[in-house]
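The structure file input-v9.txt is reproduced below (compact mmCIF, C-alpha atoms).
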```
# COMPACT_ATOMS: atom_id res chain seq x y z
CA MET K 1 11.00 5.96 22.89
CA ALA K 2 12.85 5.38 19.63
CA LEU K 3 13.95 1.90 18.69
CA SER K 4 17.68 1.35 18.30
CA ALA K 5 19.56 -0.57 15.64
CA THR K 6 20.28 -4.25 16.20
CA PRO K 7 23.96 -5.19 15.87
CA TYR K 8 24.99 -8.37 14.06
CA LYS K 9 28.48 -9.82 14.37
CA VAL K 10 29.66 -11.13 11.00
CA ASP K 11 32.52 -13.54 10.26
CA VAL K 12 33.03 -14.35 6.58
CA ASN K 13 35.63 -16.41 4.81
CA LEU K 14 35.44 -14.88 1.32
CA THR K 15 36.84 -16.64 -1.72
CA ASP K 16 36.08 -14.69 -4.89
CA LEU K 17 37.57 -16.76 -7.70
CA ASP K 18 36.28 -14.31 -10.32
CA ARG K 19 38.38 -11.43 -8.94
CA ASN K 20 41.14 -13.33 -7.07
CA VAL K 21 40.02 -12.02 -3.69
CA PHE K 22 40.72 -14.20 -0.66
CA GLU K 23 39.83 -12.58 2.66
CA THR K 24 38.80 -13.43 6.18
CA LEU K 25 36.44 -10.66 7.23
CA ARG K 26 35.16 -9.81 10.70
CA PHE K 27 32.88 -6.83 11.23
CA THR K 28 29.67 -5.65 12.87
CA VAL K 29 26.69 -4.52 10.83
CA ALA K 30 23.70 -2.68 12.26
CA ARG K 31 20.16 -3.52 11.24
CA HIS K 32 17.97 -0.43 11.25
CA PRO K 33 14.71 -0.89 13.23
CA SER K 34 12.64 -0.58 10.04
CA GLU K 35 14.95 -2.79 7.95
CA THR K 36 13.85 -6.30 6.99
CA GLU K 37 16.12 -9.32 7.26
CA ASP K 38 15.95 -9.63 3.46
CA ARG K 39 17.35 -6.11 3.04
CA MET K 40 20.11 -6.66 5.56
CA CYS K 41 21.10 -9.90 3.82
CA ALA K 42 21.04 -8.07 0.48
CA ARG K 43 23.45 -5.50 1.95
CA LEU K 44 25.75 -8.30 3.14
CA ILE K 45 25.65 -9.99 -0.27
CA ALA K 46 26.37 -6.66 -1.98
CA TYR K 47 29.32 -6.14 0.37
CA LEU K 48 30.75 -9.52 -0.56
CA LEU K 49 29.98 -9.23 -4.27
CA TRP K 50 31.82 -5.90 -4.62
CA TYR K 51 34.24 -6.28 -1.71
CA SER K 52 37.29 -4.05 -1.51
CA GLU K 53 39.32 -2.92 1.49
CA ALA K 54 37.87 0.59 1.25
CA LEU K 55 34.21 -0.51 0.97
CA ALA K 56 32.12 0.66 3.93
CA PHE K 57 28.50 0.50 5.03
CA GLY K 58 26.60 3.76 4.76
CA ARG K 59 23.89 4.92 7.13
CA GLY K 60 21.40 3.78 4.50
CA LEU K 61 17.81 3.99 5.74
CA SER K 62 18.58 6.65 8.33
CA ASP K 63 20.21 9.00 5.79
CA VAL K 64 18.85 9.25 2.24
CA ASP K 65 22.00 11.07 1.10
CA GLU K 66 24.09 7.95 1.71
CA PRO K 67 24.01 4.57 -0.02
CA ALA K 68 23.80 1.14 1.54
CA LEU K 69 27.56 0.79 0.80
CA TRP K 70 30.23 2.98 -0.68
CA GLU K 71 33.89 3.20 -1.48
CA LYS K 72 35.59 6.56 -1.19
CA SER K 73 39.02 7.71 -2.33
CA LEU K 74 41.49 9.26 0.08
CA ASP K 75 40.47 12.72 -1.12
CA GLY K 76 36.77 12.03 -0.40
CA ARG K 77 35.52 11.31 -3.92
CA VAL K 78 32.92 8.56 -4.14
CA LEU K 79 34.39 5.82 -6.31
CA HIS K 80 31.60 3.26 -5.94
CA TRP K 81 28.06 3.87 -4.71
CA ILE K 82 26.06 0.70 -3.99
CA GLU K 83 22.30 0.66 -3.48
CA VAL K 84 20.06 -2.29 -2.55
CA GLY K 85 16.34 -2.60 -3.18
CA LEU K 86 14.16 -1.13 -5.90
CA PRO K 87 14.90 2.60 -6.19
CA ASP K 88 13.17 4.72 -8.79
CA ALA K 89 14.91 6.12 -11.87
CA GLU K 90 15.29 9.55 -10.26
CA ARG K 91 17.23 8.06 -7.35
CA LEU K 92 19.58 6.14 -9.66
CA THR K 93 20.16 9.24 -11.78
CA TRP K 94 20.86 11.27 -8.63
CA CYS K 95 23.34 8.61 -7.44
CA SER K 96 25.07 8.45 -10.83
CA ARG K 97 25.94 12.15 -10.56
CA ARG K 98 27.66 11.62 -7.20
CA ALA K 99 29.89 8.65 -7.94
CA GLU K 100 32.19 7.28 -10.59
CA ARG K 101 30.36 3.95 -10.50
CA VAL K 102 26.90 3.03 -9.21
CA SER K 103 25.84 -0.55 -8.59
CA LEU K 104 22.40 -1.73 -7.59
CA LEU K 105 21.54 -5.09 -6.09
CA ALA K 106 17.80 -5.30 -6.70
CA TYR K 107 15.56 -7.69 -4.78
CA GLY K 108 11.83 -8.09 -4.30
CA ARG K 109 9.48 -7.69 -7.27
CA VAL K 110 12.34 -7.09 -9.72
CA ASP K 111 10.21 -8.33 -12.64
CA LEU K 112 7.73 -5.47 -12.21
CA TRP K 113 10.35 -2.85 -11.35
CA GLU K 114 12.78 -3.47 -14.20
CA ASN K 115 10.33 -2.71 -17.02
CA LYS K 116 9.56 0.68 -15.53
CA VAL K 117 13.00 1.82 -14.30
CA LEU K 118 15.72 0.20 -16.42
CA PRO K 119 14.80 1.89 -19.72
CA ALA K 120 15.00 5.26 -17.97
CA VAL K 121 18.56 4.65 -16.67
CA ALA K 122 20.01 2.54 -19.50
CA ALA K 123 21.84 5.56 -20.96
CA LEU K 124 23.72 6.16 -17.68
CA LYS K 125 27.06 4.50 -18.47
CA ASN K 126 28.20 4.27 -14.84
CA VAL K 127 25.12 2.38 -13.58
CA HIS K 128 25.23 -1.42 -13.16
CA VAL K 129 22.21 -3.45 -12.01
CA ALA K 130 21.91 -7.03 -10.78
CA GLY K 131 18.77 -8.75 -9.53
CA LEU K 132 18.75 -11.27 -6.71
CA PRO K 133 16.43 -14.28 -6.88
CA GLN K 134 13.93 -13.57 -4.09
CA GLU K 135 13.44 -17.19 -3.00
CA ALA K 136 17.17 -17.74 -2.41
CA LEU K 137 17.48 -14.44 -0.53
CA THR K 138 14.51 -15.26 1.69
CA THR K 139 15.96 -18.69 2.49
CA ILE K 140 19.27 -17.22 3.64
CA ALA K 141 17.60 -14.39 5.57
CA ALA K 142 15.18 -16.68 7.45
CA ASP K 143 16.06 -16.93 11.15
CA LEU K 144 19.31 -15.03 10.68
CA PRO K 145 21.41 -15.43 13.85
CA ARG K 146 22.92 -12.40 15.58
CA SER K 147 26.35 -14.01 15.03
CA ILE K 148 26.62 -14.69 11.31
CA ASN K 149 29.32 -17.13 10.26
CA TRP K 150 29.52 -17.64 6.50
CA ALA K 151 31.94 -19.21 4.09
CA VAL K 152 31.34 -17.59 0.70
CA MET K 153 32.78 -18.66 -2.62
CA ILE K 154 32.07 -16.62 -5.74
CA SER K 155 32.67 -18.44 -9.00
CA ASP K 156 31.38 -17.65 -12.50
CA GLY K 157 29.11 -14.96 -11.05
CA SER K 158 27.39 -17.28 -8.55
CA LEU K 159 27.68 -16.99 -4.78
CA PHE K 160 27.87 -20.19 -2.78
CA ILE K 161 27.11 -19.32 0.84
CA THR K 162 27.67 -21.93 3.52
CA ASP K 163 26.13 -21.27 6.92
CA GLU K 164 24.88 -23.38 9.84
CA ASN K 165 21.88 -24.47 7.73
CA GLY K 166 23.89 -25.79 4.79
CA GLN K 167 24.96 -24.42 1.41
CA HIS K 168 22.93 -21.94 -0.62
CA GLU K 169 23.53 -20.86 -4.20
CA ILE K 170 22.62 -17.37 -5.32
CA THR K 171 23.17 -16.31 -8.92
CA PRO K 172 22.47 -12.63 -9.49
CA GLN K 173 20.92 -11.87 -12.86
CA TRP K 174 22.68 -8.96 -14.54
CA LEU K 175 20.01 -6.64 -15.85
CA LEU K 176 22.23 -3.71 -16.87
CA ARG K 177 25.94 -4.18 -17.62
CA ASP K 178 27.90 -6.52 -15.38
CA ARG K 179 29.89 -6.69 -12.18
```
I'd like the structure from this file rewritten - as structure tokens, please.
Amino acid sequence: MALSATPYKVDVNLTDLDRNVFETLRFTVARHPSETEDRMCARLIAYLLWYSEALAFGRGLSDVDEPALWEKSLDGRVLHWIEVGLPDAERLTWCSRRAERVSLLAYGRVDLWENKVLPAVAALKNVHVAGLPQEALTTIAADLPRSINWAVMISDGSLFITDENGQHEITPQWLLRDR
């Protein structure tokens, strides 16, 4: 019998001072059976970092032709394709041909990955890459409740996430272009 996705209820009070975005968000996100808590948290952080009303979660792990997140125009064009993880250069090149803008929120062994992949995609003008500090991501992802209630403030490129365990600061490191 196949395992099913695990739903998480998410309530976020988002204050993005860098982009003048002030939203109260309530949605459900599904965690794929093979998805780690770190990856799901990275998807949530990517959603908040690049939030727009049209941004939606893709099928991600269950469909390789879709990103973790994307924003489409009313006529179906992909305006913003957002990946999480450590994709290879071929994947980023493939994505860059399908969207006006591609953003990657890298996590894990970014130090090893960036030397191999970033030089190969640096010429792609629509690709933007940020790396998450792994320790901060792991702290937030640890014992993630099924009902997530976060207050998130983004200021000067840093995310300040307040949850039931206190406040956490995550500052993505921009490896290729910026937000």
Could I get the residues of stretch 33-95 of chain K with an atom no further than 12 Å from an atom of stretch 104-127 of chain K, each paired with its nearest atom pair and that distance in Å to one decimal, using all atoms listed in the file, sorted by chain and residue number, as a Markdown table?
```
| residue | atom | partner | partner_atom | distance |
| --- | --- | --- | --- | --- |
| K:Thr36 | CA | K:Gly108 | CA | 11.6 |
| K:Asp38 | CA | K:Tyr107 | CA | 8.5 |
| K:Arg39 | CA | K:Tyr107 | CA | 8.2 |
| K:Met40 | CA | K:Tyr107 | CA | 11.3 |
| K:Cys41 | CA | K:Tyr107 | CA | 10.5 |
| K:Ala42 | CA | K:Leu105 | CA | 7.2 |
| K:Arg43 | CA | K:Leu105 | CA | 8.3 |
| K:Leu44 | CA | K:Leu105 | CA | 10.6 |
| K:Ile45 | CA | K:Leu105 | CA | 8.6 |
| K:Ala46 | CA | K:Leu105 | CA | 6.5 |
| K:Tyr47 | CA | K:Leu105 | CA | 10.2 |
| K:Leu48 | CA | K:Leu105 | CA | 11.6 |
| K:Leu49 | CA | K:Leu105 | CA | 9.6 |
| K:Trp50 | CA | K:Leu105 | CA | 10.4 |
| K:Pro67 | CA | K:Leu104 | CA | 10.0 |
| K:Ala68 | CA | K:Leu104 | CA | 9.7 |
| K:Leu69 | CA | K:Leu104 | CA | 10.2 |
| K:Trp70 | CA | K:Leu104 | CA | 11.5 |
| K:Leu79 | CA | K:Asn126 | CA | 10.7 |
| K:His80 | CA | K:Asn126 | CA | 9.6 |
| K:Trp81 | CA | K:Leu104 | CA | 8.5 |
| K:Ile82 | CA | K:Leu104 | CA | 5.7 |
| K:Glu83 | CA | K:Leu104 | CA | 4.8 |
| K:Val84 | CA | K:Leu105 | CA | 4.7 |
| K:Gly85 | CA | K:Ala106 | CA | 4.7 |
| K:Leu86 | CA | K:Ala106 | CA | 5.6 |
| K:Pro87 | CA | K:Val117 | CA | 8.4 |
| K:Asp88 | CA | K:Val117 | CA | 6.2 |
| K:Ala89 | CA | K:Val117 | CA | 5.3 |
| K:Glu90 | CA | K:Val121 | CA | 8.7 |
| K:Arg91 | CA | K:Val121 | CA | 10.0 |
| K:Leu92 | CA | K:Val121 | CA | 7.2 |
| K:Thr93 | CA | K:Val121 | CA | 6.9 |
| K:Trp94 | CA | K:Val121 | CA | 10.7 |
| K:Cys95 | CA | K:Val127 | CA | 8.9 |
```
Note to self: Between atom CA of K:Asp163 and atom CA of K:Thr138, what distance in Å does the model show, to one decimal?
What the structure shows: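 These two atoms are separated by 14.1 Å.
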Item checked: Shell of 12 Å around K:Thr139, all atoms listed in the file, local chain residues under 2 positions omitted, as a PyMOL selection string -> chain K and resi 37-38+41-42+133-137+141-144+161+163+165-170
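Proximity to K:Val21 was assessed for K:Tyr8, K:Phe57, K:Tyr51, K:Phe160 counting only C-alpha atoms; the smallest distance is recorded for K:Tyr51.
Between atom CA of K:Ala151 and atom CA of K:Phe27 lies a distance of 14.3 Å.
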